[in-house]
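J.: File follows, coords-v4.txt with compact mmCIF, C-alpha atoms:
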# COMPACT_ATOMS: atom_id res chain seq x y z
CA MET A 205 7.93 7.34 -25.75
CA GLU A 206 7.50 10.05 -23.12
CA PRO A 207 5.63 9.76 -19.83
CA ILE A 208 2.61 12.02 -19.92
CA ILE A 209 -0.48 12.56 -17.86
CA THR A 210 -3.35 13.03 -20.26
CA VAL A 211 -7.03 13.88 -20.04
CA SER A 212 -7.72 10.13 -20.27
CA THR A 213 -5.55 9.43 -17.24
CA VAL A 214 -7.29 12.08 -15.14
CA LEU A 215 -10.70 10.80 -16.25
CA ALA A 216 -9.71 7.21 -15.41
CA MET A 217 -8.57 8.34 -11.95
CA PHE A 218 -11.90 10.07 -11.34
CA MET A 219 -13.92 7.07 -12.52
CA SER A 220 -11.88 4.82 -10.24
CA MET A 221 -12.70 7.04 -7.24
CA VAL A 222 -16.41 7.14 -8.09
CA ASN A 223 -16.67 3.39 -8.59
CA GLN A 224 -15.24 2.49 -5.19
CA THR A 225 -18.35 1.10 -3.56
CA ASP A 226 -16.63 0.12 -0.32
CA ASN A 227 -15.73 3.73 0.52
CA ASN A 228 -18.82 5.78 1.32
CA GLN A 229 -16.96 8.26 3.53
CA TYR A 230 -16.67 10.72 0.63
CA CYS A 231 -18.81 11.90 -2.26
CA TYR A 232 -17.36 13.35 -5.46
CA ASN A 233 -18.66 15.94 -7.89
CA ALA A 234 -16.78 16.46 -11.15
CA ASP A 235 -17.10 19.35 -13.56
CA MET A 236 -16.37 18.04 -17.05
CA GLU A 237 -16.27 19.69 -20.44
CA ASN A 238 -15.41 18.01 -23.78
CA SER A 239 -14.38 14.80 -21.93
CA LYS A 240 -11.97 16.77 -19.73
CA VAL A 241 -12.18 16.84 -15.94
CA ASN A 242 -11.89 20.52 -15.04
CA ASN A 243 -12.34 20.08 -11.31
CA ILE A 244 -13.39 17.53 -8.71
CA GLU A 245 -15.02 18.53 -5.44
CA VAL A 246 -14.80 16.10 -2.53
CA TYR A 247 -17.38 16.09 0.26
CA ASP A 248 -17.44 14.32 3.60
CA ASN A 249 -20.48 12.05 3.61
CA LEU A 250 -21.88 12.69 7.08
CA LYS A 251 -25.13 11.41 8.56
CA SER A 252 -26.29 15.02 8.72
CA GLY A 253 -25.46 15.61 5.04
CA LEU A 254 -22.55 16.50 2.81
CA LYS A 255 -19.74 18.79 4.00
CA ALA A 256 -17.33 20.35 1.48
CA LYS A 257 -13.76 19.17 2.06
CA VAL A 258 -11.34 19.62 -0.85
CA LYS A 259 -11.36 20.62 -4.51
CA TYR A 260 -8.93 19.70 -7.28
CA THR A 261 -8.66 21.80 -10.43
CA TYR A 262 -6.92 20.65 -13.61
CA VAL A 263 -5.33 22.56 -16.52
CA TYR A 264 -4.27 20.95 -19.81
CA ASP A 265 -2.10 21.99 -22.74
CA SER A 266 -3.04 21.86 -26.42
CA ASN A 267 -1.91 18.20 -26.52
CA ASP A 268 -4.38 17.29 -23.72
CA ARG A 269 -1.51 16.74 -21.28
CA LEU A 270 -1.99 17.74 -17.68
CA THR A 271 0.03 20.90 -16.93
CA GLU A 272 -1.36 21.88 -13.53
CA LYS A 273 -3.28 20.34 -10.65
CA GLN A 274 -4.31 22.68 -7.87
CA THR A 275 -5.66 21.60 -4.47
CA LEU A 276 -8.01 23.86 -2.53
CA ALA A 277 -9.51 23.32 0.94
CA TYR A 278 -12.98 24.47 1.88
CA ASN A 279 -13.12 27.08 4.65
CA ASN A 280 -16.39 26.56 6.55
CA MET A 281 -16.17 29.94 8.27
CA THR A 282 -15.82 32.02 5.08
CA LYS A 283 -17.66 29.49 2.86
CA THR A 284 -14.91 29.78 0.24
CA TRP A 285 -12.30 27.54 -1.36
CA MET A 286 -8.76 28.39 -0.21
CA ASN A 287 -5.54 27.54 -2.08
CA MET A 288 -3.38 24.81 -0.54
CA SER A 289 -0.93 23.48 -3.11
CA ARG A 290 -0.20 23.23 -6.81
CA LEU A 291 1.52 20.60 -8.93
CA THR A 292 3.06 21.85 -12.18
CA TYR A 293 3.86 19.35 -14.94
CA LYS A 294 6.60 20.23 -17.44
CA TYR A 295 7.30 17.95 -20.39
CA ASN A 296 10.43 17.49 -22.50
CA ASP A 297 11.60 15.00 -25.12
CA ASN A 298 12.95 12.56 -22.53
CA GLY A 299 10.28 12.77 -19.83
CA MET A 300 8.75 15.24 -17.44
CA THR A 301 9.23 17.14 -14.21
CA ILE A 302 6.57 17.66 -11.56
CA GLU A 303 6.99 20.52 -9.09
CA LYS A 304 4.97 20.97 -5.90
CA CYS A 305 4.39 24.47 -4.51
CA LEU A 306 2.57 25.38 -1.29
CA TRP A 307 0.28 28.37 -0.86
CA ASN A 308 1.68 31.23 1.23
CA ALA A 309 -1.37 33.07 2.65
CA GLU A 310 0.74 35.95 3.99
CA LYS A 311 2.23 36.71 0.58
CA ASN A 312 -0.92 35.64 -1.26
CA GLU A 313 1.12 33.53 -3.70
CA TYR A 314 2.57 30.09 -4.20
CA SER A 315 6.01 29.36 -2.75
CA ARG A 316 8.99 28.24 -4.75
CA PRO A 317 8.73 24.51 -5.49
CA VAL A 318 9.26 22.61 -2.22
CA GLU A 319 9.34 19.18 -3.86
CA MET A 320 10.17 17.95 -7.33
CA ALA A 321 10.02 14.63 -9.17
CA GLN A 322 11.83 14.01 -12.44
CA TYR A 323 10.83 11.19 -14.79
CA GLU A 324 13.33 10.54 -17.56
CA PHE A 325 13.74 7.74 -20.05
CA ALA A 326 17.30 6.47 -19.87
CA ASN A 327 16.63 3.96 -22.62
CA GLY A 328 13.55 2.94 -24.57
CA ASN A 329 12.45 0.57 -21.81
CA VAL A 330 13.99 2.10 -18.65
CA MET A 331 12.71 5.16 -16.83
CA ALA A 332 14.72 6.94 -14.11
CA VAL A 333 12.73 8.61 -11.34
CA ASN A 334 14.43 11.11 -9.02
CA ASN A 335 12.70 12.85 -6.11
CA TYR A 336 13.93 16.07 -4.51
CA LYS A 337 13.03 18.34 -1.58
CA TRP A 338 14.05 21.96 -1.20
CA ASN A 339 16.49 22.57 1.66
CA ASN A 340 16.20 26.12 3.03
CA GLU A 341 19.57 25.90 4.84
CA THR A 342 21.56 25.10 1.70
CA ALA A 343 19.16 26.82 -0.74
CA GLN A 344 19.34 23.72 -2.94
CA TYR A 345 17.30 20.66 -3.75
CA ARG A 346 18.44 17.46 -2.08
CA ASN A 347 17.78 14.05 -3.56
CA THR A 348 15.36 12.10 -1.37
CA GLY A 349 15.14 9.00 -3.52
CA SER A 350 15.89 7.51 -6.91
CA MET A 351 14.74 4.43 -8.75
CA LEU A 352 14.77 2.79 -12.15
CA ILE A 353 11.61 1.35 -13.62
CA MET A 354 11.98 -1.40 -16.20
CA ASN A 355 9.39 -1.43 -19.02
CA PRO A 356 7.22 1.34 -17.53
CA ASP A 357 3.57 1.48 -18.56
CA VAL A 358 3.43 5.22 -19.27
CA ASN A 359 -0.20 4.96 -20.36
CA SER A 360 -1.09 4.33 -16.71
CA LEU A 361 1.32 6.89 -15.24
CA MET A 362 -0.13 8.67 -12.22
CA ALA A 363 2.29 10.78 -10.26
CA GLU A 364 1.65 12.45 -6.94
CA LEU A 365 4.12 14.25 -4.74
Would you mind writing the file out in structure tokens?

T.:
Amino acid sequence: MEPIITVSTVLAMFMSMVNQTDNNQYCYNADMENSKVNNIEVYDNLKSGLKAKVKYTYVYDSNDRLTEKQTLAYNNMTKTWMNMSRLTYKYNDNGMTIEKCLWNAEKNEYSRPVEMAQYEFANGNVMAVNNYKWNNETAQYRNTGSMLIMNPDVNSLMAEL
């Protein structure tokens, strides 16, 4: 059993956000197609009206697994969405790796991954999770934390760096 983030997981996350009645600070607008969440726009809910804040875009593979989540911030001066960060999900037989890249406006491209999380099944009912951050001085990733999860519920797996 491999940990995956599927269309169903993304949809469940969105529905959870929408159904939070105690949080009226934000409003959400989702673009969906064939039961897939393509993007979610988040707006500040101000007394004067809605103000665009952040947008999340999602890309899936042919198995309906999440392969990319991009975060964009709204620029009120230019009235455009601007890249902020991207999570890339890579799957293998034993688990998955999530890499976080930041947008470099000067180079007009994403940076090398600055953070990484690896989820790997060590046994049928144990999952190892290792987190890493890129160290510019050593030009290597350094481990920032590790844990073992007993009997993980991979159907509910939601990972965020």

J.: Could you produce a table of the residues of region 277-358 of chain A lying within 9 Å of region 235-259 of chain A, with the nearest pair of atoms per residue and their separation in Å rounded to one decimal, using only C-alpha atoms, ordered by chain and increasing residue number, as JSON lines?

T.:
{"residue": "A:Ala277", "atom": "CA", "partner": "A:Val258", "partner_atom": "CA", "distance": 4.5}
{"residue": "A:Tyr278", "atom": "CA", "partner": "A:Lys257", "partner_atom": "CA", "distance": 5.4}
{"residue": "A:Asn279", "atom": "CA", "partner": "A:Lys257", "partner_atom": "CA", "distance": 8.3}
{"residue": "A:Asn280", "atom": "CA", "partner": "A:Ala256", "partner_atom": "CA", "distance": 8.1}
{"residue": "A:Trp285", "atom": "CA", "partner": "A:Lys259", "partner_atom": "CA", "distance": 7.7}

J.: Counting all atoms listed in the file, which residue out of A:Tyr295, A:Tyr336, A:Asn329, A:Glu341 sits closest to Pro356 (chain A)?

T.: A:Asn329

J.: Taking into account all atoms listed in the file, which residue in the set A:Thr261, A:Asn327, A:Tyr314, A:Thr292 is nearest to Ala234 (chain A)?

T.: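 With all atoms listed in the file as the atom set, the closest residue is A:Thr261.
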
J.: Measure the distance from CA of Ser315 (chain A) to CA of Leu276 (chain A) in Å and round it to one decimal.

T.: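 Going from CA of Ser315 (chain A) over to CA of Leu276 (chain A), I get 15.1 Å.
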
J.: Given only C-alpha atoms as the basis, pick out the residue of A:Met331, A:Ala309, A:Ala321, A:Met300 nearest to Arg269 (chain A).

T.: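 When distances to Arg269 (chain A) are compared using only C-alpha atoms, the smallest one comes from A:Met300.
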
J.: With all atoms listed in the file as the atoms that count, which of A:Met281, A:Asp268, A:Lys273, A:Met351 lies nearest to Tyr323 (chain A)?

T.: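 Of all the options, A:Met351 lies closest to Tyr323 (chain A).
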
J.: Using CA of Gly299 (chain A) and CA of Glu319 (chain A) as the two end points, give the distance in Å to one decimal.

T.: 17.2 Å

J.: For Arg346 (chain A), which of A:Tyr293, A:Met320, A:Asn287, A:Tyr230 is the closest residue, counting only C-alpha atoms?

T.: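 Among A:Tyr293, A:Met320, A:Asn287, A:Tyr230, it is A:Met320 that comes nearest to Arg346 (chain A).
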
J.: Mind giving me the straight-line distance from CA of Lys311 (chain A) to CA of Arg290 (chain A) in Å, one decimal?

T.: 15.6 Å

J.: Rank nothing, just name the residue among A:Thr301, A:Gln274, A:Asn355, A:Ser266 nearest to Met288 (chain A), using all atoms listed in the file.

T.: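 Using all atoms listed in the file, Met288 (chain A) sits closest to A:Gln274.
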
J.: Centre and edge lengths of an axis-aligned box around all listed atoms of region 225-243 of chain A, with 4 Å added on each side, are to be given in Å to one decimal, as lines of an AutoDock Vina configuration file.

T.:
center_x = -15.4
center_y = 10.3
center_z = -10.1
size_x = 14.9
size_y = 28.4
size_z = 35.3
